[in-house]
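S.K.: Sharing a structure below in C-alpha cells format, with a few things to ask.
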Amino acid sequence: MMSKKIFWIFGILQNVMLGIILFLIFRSFNVIHGESVIGLDTQIFLCIAFPLFSLLVRYTMYTKP
C-alpha cells in the first residue's frame with residue numbers, strides 16, 4: 001500500500017516536471033525563431049497529454065504482476 005502511494009507521489013512529480021520541460025522547450029523554439037512556431041494551445045495540449053499518457057502507461061506496467 002505504501003509503495004502505491006510513493007508511486008503516485010513521484011509519478012505525478014516526474015510528469016509535472018516533464019510537462020514543464022516540454023513547455024520551456026516549445027517556448028524556446030518560438031523565441032529562437034522569432035515568431036510562433038507552435039501555437040500556445042498546441043503547446044498546452046502536448047505538455048498535458050504526453051506526460052498524462054506516460055503516467056498511465058507506467059501505471060499499467062506497475063500494476064501488472
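The way I read the labels, and the way they are meant: chains A, B, ... in the order of the C-alpha cells, residue 1 as the first residue of every chain, and ligand 1 as the first ligand shown, with later ones counted on from there.
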Could you name the residues that touch Lys4 of chain A at 12 Å or less, counting only C-alpha atoms, but leaving out those on the same chain fewer than 3 positions away, as an mmCIF file with all heavy atoms, in the first residue's frame?
M.R.:
```
data_model
loop_
_atom_site.group_PDB
_atom_site.id
_atom_site.type_symbol
_atom_site.label_atom_id
_atom_site.label_comp_id
_atom_site.auth_asym_id
_atom_site.auth_seq_id
_atom_site.Cartn_x
_atom_site.Cartn_y
_atom_site.Cartn_z
ATOM 1 N N MET A 1 0.825 -1.189 0.000
ATOM 2 C CA MET A 1 0.000 0.000 0.000
ATOM 3 C C MET A 1 0.876 1.262 0.000
ATOM 4 O O MET A 1 0.580 2.212 -0.688
ATOM 5 C CB MET A 1 -0.916 -0.031 1.215
ATOM 6 C CG MET A 1 -1.904 1.082 1.219
ATOM 7 S SD MET A 1 -2.986 0.952 -0.189
ATOM 8 C CE MET A 1 -4.416 1.697 0.436
ATOM 9 N N PHE A 7 4.531 5.613 -5.495
ATOM 10 C CA PHE A 7 4.459 5.641 -6.961
ATOM 11 C C PHE A 7 3.679 6.860 -7.432
ATOM 12 O O PHE A 7 4.109 7.567 -8.345
ATOM 13 C CB PHE A 7 3.798 4.368 -7.495
ATOM 14 C CG PHE A 7 3.489 4.436 -8.969
ATOM 15 C CD1 PHE A 7 4.478 4.198 -9.891
ATOM 16 C CD2 PHE A 7 2.220 4.755 -9.411
ATOM 17 C CE1 PHE A 7 4.207 4.275 -11.256
ATOM 18 C CE2 PHE A 7 1.933 4.835 -10.760
ATOM 19 C CZ PHE A 7 2.926 4.586 -11.687
ATOM 20 N N TRP A 8 2.515 7.123 -6.823
ATOM 21 C CA TRP A 8 1.688 8.247 -7.260
ATOM 22 C C TRP A 8 2.354 9.583 -6.960
ATOM 23 O O TRP A 8 2.304 10.497 -7.783
ATOM 24 C CB TRP A 8 0.303 8.194 -6.620
ATOM 25 C CG TRP A 8 -0.572 7.206 -7.311
ATOM 26 C CD1 TRP A 8 -1.034 6.029 -6.812
ATOM 27 C CD2 TRP A 8 -1.071 7.287 -8.654
ATOM 28 N NE1 TRP A 8 -1.795 5.386 -7.751
ATOM 29 C CE2 TRP A 8 -1.838 6.125 -8.879
ATOM 30 C CE3 TRP A 8 -0.948 8.220 -9.668
ATOM 31 C CZ2 TRP A 8 -2.468 5.892 -10.102
ATOM 32 C CZ3 TRP A 8 -1.579 7.986 -10.881
ATOM 33 C CH2 TRP A 8 -2.328 6.834 -11.078
ATOM 34 N N ILE A 9 2.996 9.697 -5.806
ATOM 35 C CA ILE A 9 3.665 10.960 -5.460
ATOM 36 C C ILE A 9 4.773 11.259 -6.460
ATOM 37 O O ILE A 9 4.822 12.333 -7.059
ATOM 38 C CB ILE A 9 4.215 10.914 -4.016
ATOM 39 C CG1 ILE A 9 3.064 10.930 -3.016
ATOM 40 C CG2 ILE A 9 5.153 12.085 -3.766
ATOM 41 C CD1 ILE A 9 3.491 10.645 -1.593
ATOM 42 N N PHE A 10 5.688 10.302 -6.648
ATOM 43 C CA PHE A 10 6.824 10.554 -7.528
ATOM 44 C C PHE A 10 6.431 10.506 -9.000
ATOM 45 O O PHE A 10 7.022 11.210 -9.820
ATOM 46 C CB PHE A 10 7.957 9.574 -7.236
ATOM 47 C CG PHE A 10 8.678 9.907 -5.973
ATOM 48 C CD1 PHE A 10 8.542 9.097 -4.853
ATOM 49 C CD2 PHE A 10 9.472 11.025 -5.877
ATOM 50 C CE1 PHE A 10 9.199 9.411 -3.674
ATOM 51 C CE2 PHE A 10 10.130 11.347 -4.711
ATOM 52 C CZ PHE A 10 9.994 10.526 -3.601
ATOM 53 N N GLY A 11 5.421 9.716 -9.350
ATOM 54 C CA GLY A 11 4.951 9.689 -10.730
ATOM 55 C C GLY A 11 4.359 11.015 -11.143
ATOM 56 O O GLY A 11 4.632 11.523 -12.234
ATOM 57 N N TYR A 59 1.729 3.335 -15.026
ATOM 58 C CA TYR A 59 0.833 2.741 -14.029
ATOM 59 C C TYR A 59 0.386 1.356 -14.463
ATOM 60 O O TYR A 59 0.334 0.441 -13.646
ATOM 61 C CB TYR A 59 -0.378 3.635 -13.784
ATOM 62 C CG TYR A 59 -1.318 3.073 -12.760
ATOM 63 C CD1 TYR A 59 -0.961 3.043 -11.413
ATOM 64 C CD2 TYR A 59 -2.547 2.549 -13.123
ATOM 65 C CE1 TYR A 59 -1.796 2.512 -10.455
ATOM 66 C CE2 TYR A 59 -3.403 2.013 -12.180
ATOM 67 C CZ TYR A 59 -3.028 1.998 -10.845
ATOM 68 O OH TYR A 59 -3.863 1.458 -9.922
ATOM 69 N N TYR A 62 3.227 -0.897 -13.869
ATOM 70 C CA TYR A 62 3.466 -1.067 -12.435
ATOM 71 C C TYR A 62 2.470 -2.036 -11.814
ATOM 72 O O TYR A 62 2.814 -2.824 -10.941
ATOM 73 C CB TYR A 62 3.387 0.289 -11.749
ATOM 74 C CG TYR A 62 3.497 0.247 -10.242
ATOM 75 C CD1 TYR A 62 4.726 -0.007 -9.635
ATOM 76 C CD2 TYR A 62 2.386 0.451 -9.440
ATOM 77 C CE1 TYR A 62 4.828 -0.054 -8.262
ATOM 78 C CE2 TYR A 62 2.483 0.415 -8.063
ATOM 79 C CZ TYR A 62 3.713 0.162 -7.479
ATOM 80 O OH TYR A 62 3.806 0.121 -6.126
ATOM 81 N N THR A 63 1.223 -2.015 -12.279
ATOM 82 C CA THR A 63 0.185 -2.839 -11.663
ATOM 83 C C THR A 63 0.163 -4.265 -12.188
ATOM 84 O O THR A 63 -0.448 -5.128 -11.573
ATOM 85 C CB THR A 63 -1.218 -2.225 -11.870
ATOM 86 O OG1 THR A 63 -1.443 -2.035 -13.257
ATOM 87 C CG2 THR A 63 -1.325 -0.909 -11.132
#
```
S.K.: Which of these, A:Val57, A:Val31, A:Ile12, A:Leu24, has the shortest distance to Ile44 of chain A once you count only C-alpha atoms?
M.R.: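 Looking only at the distances to Ile44 of chain A, the closest residue turns out to be A:Leu24.
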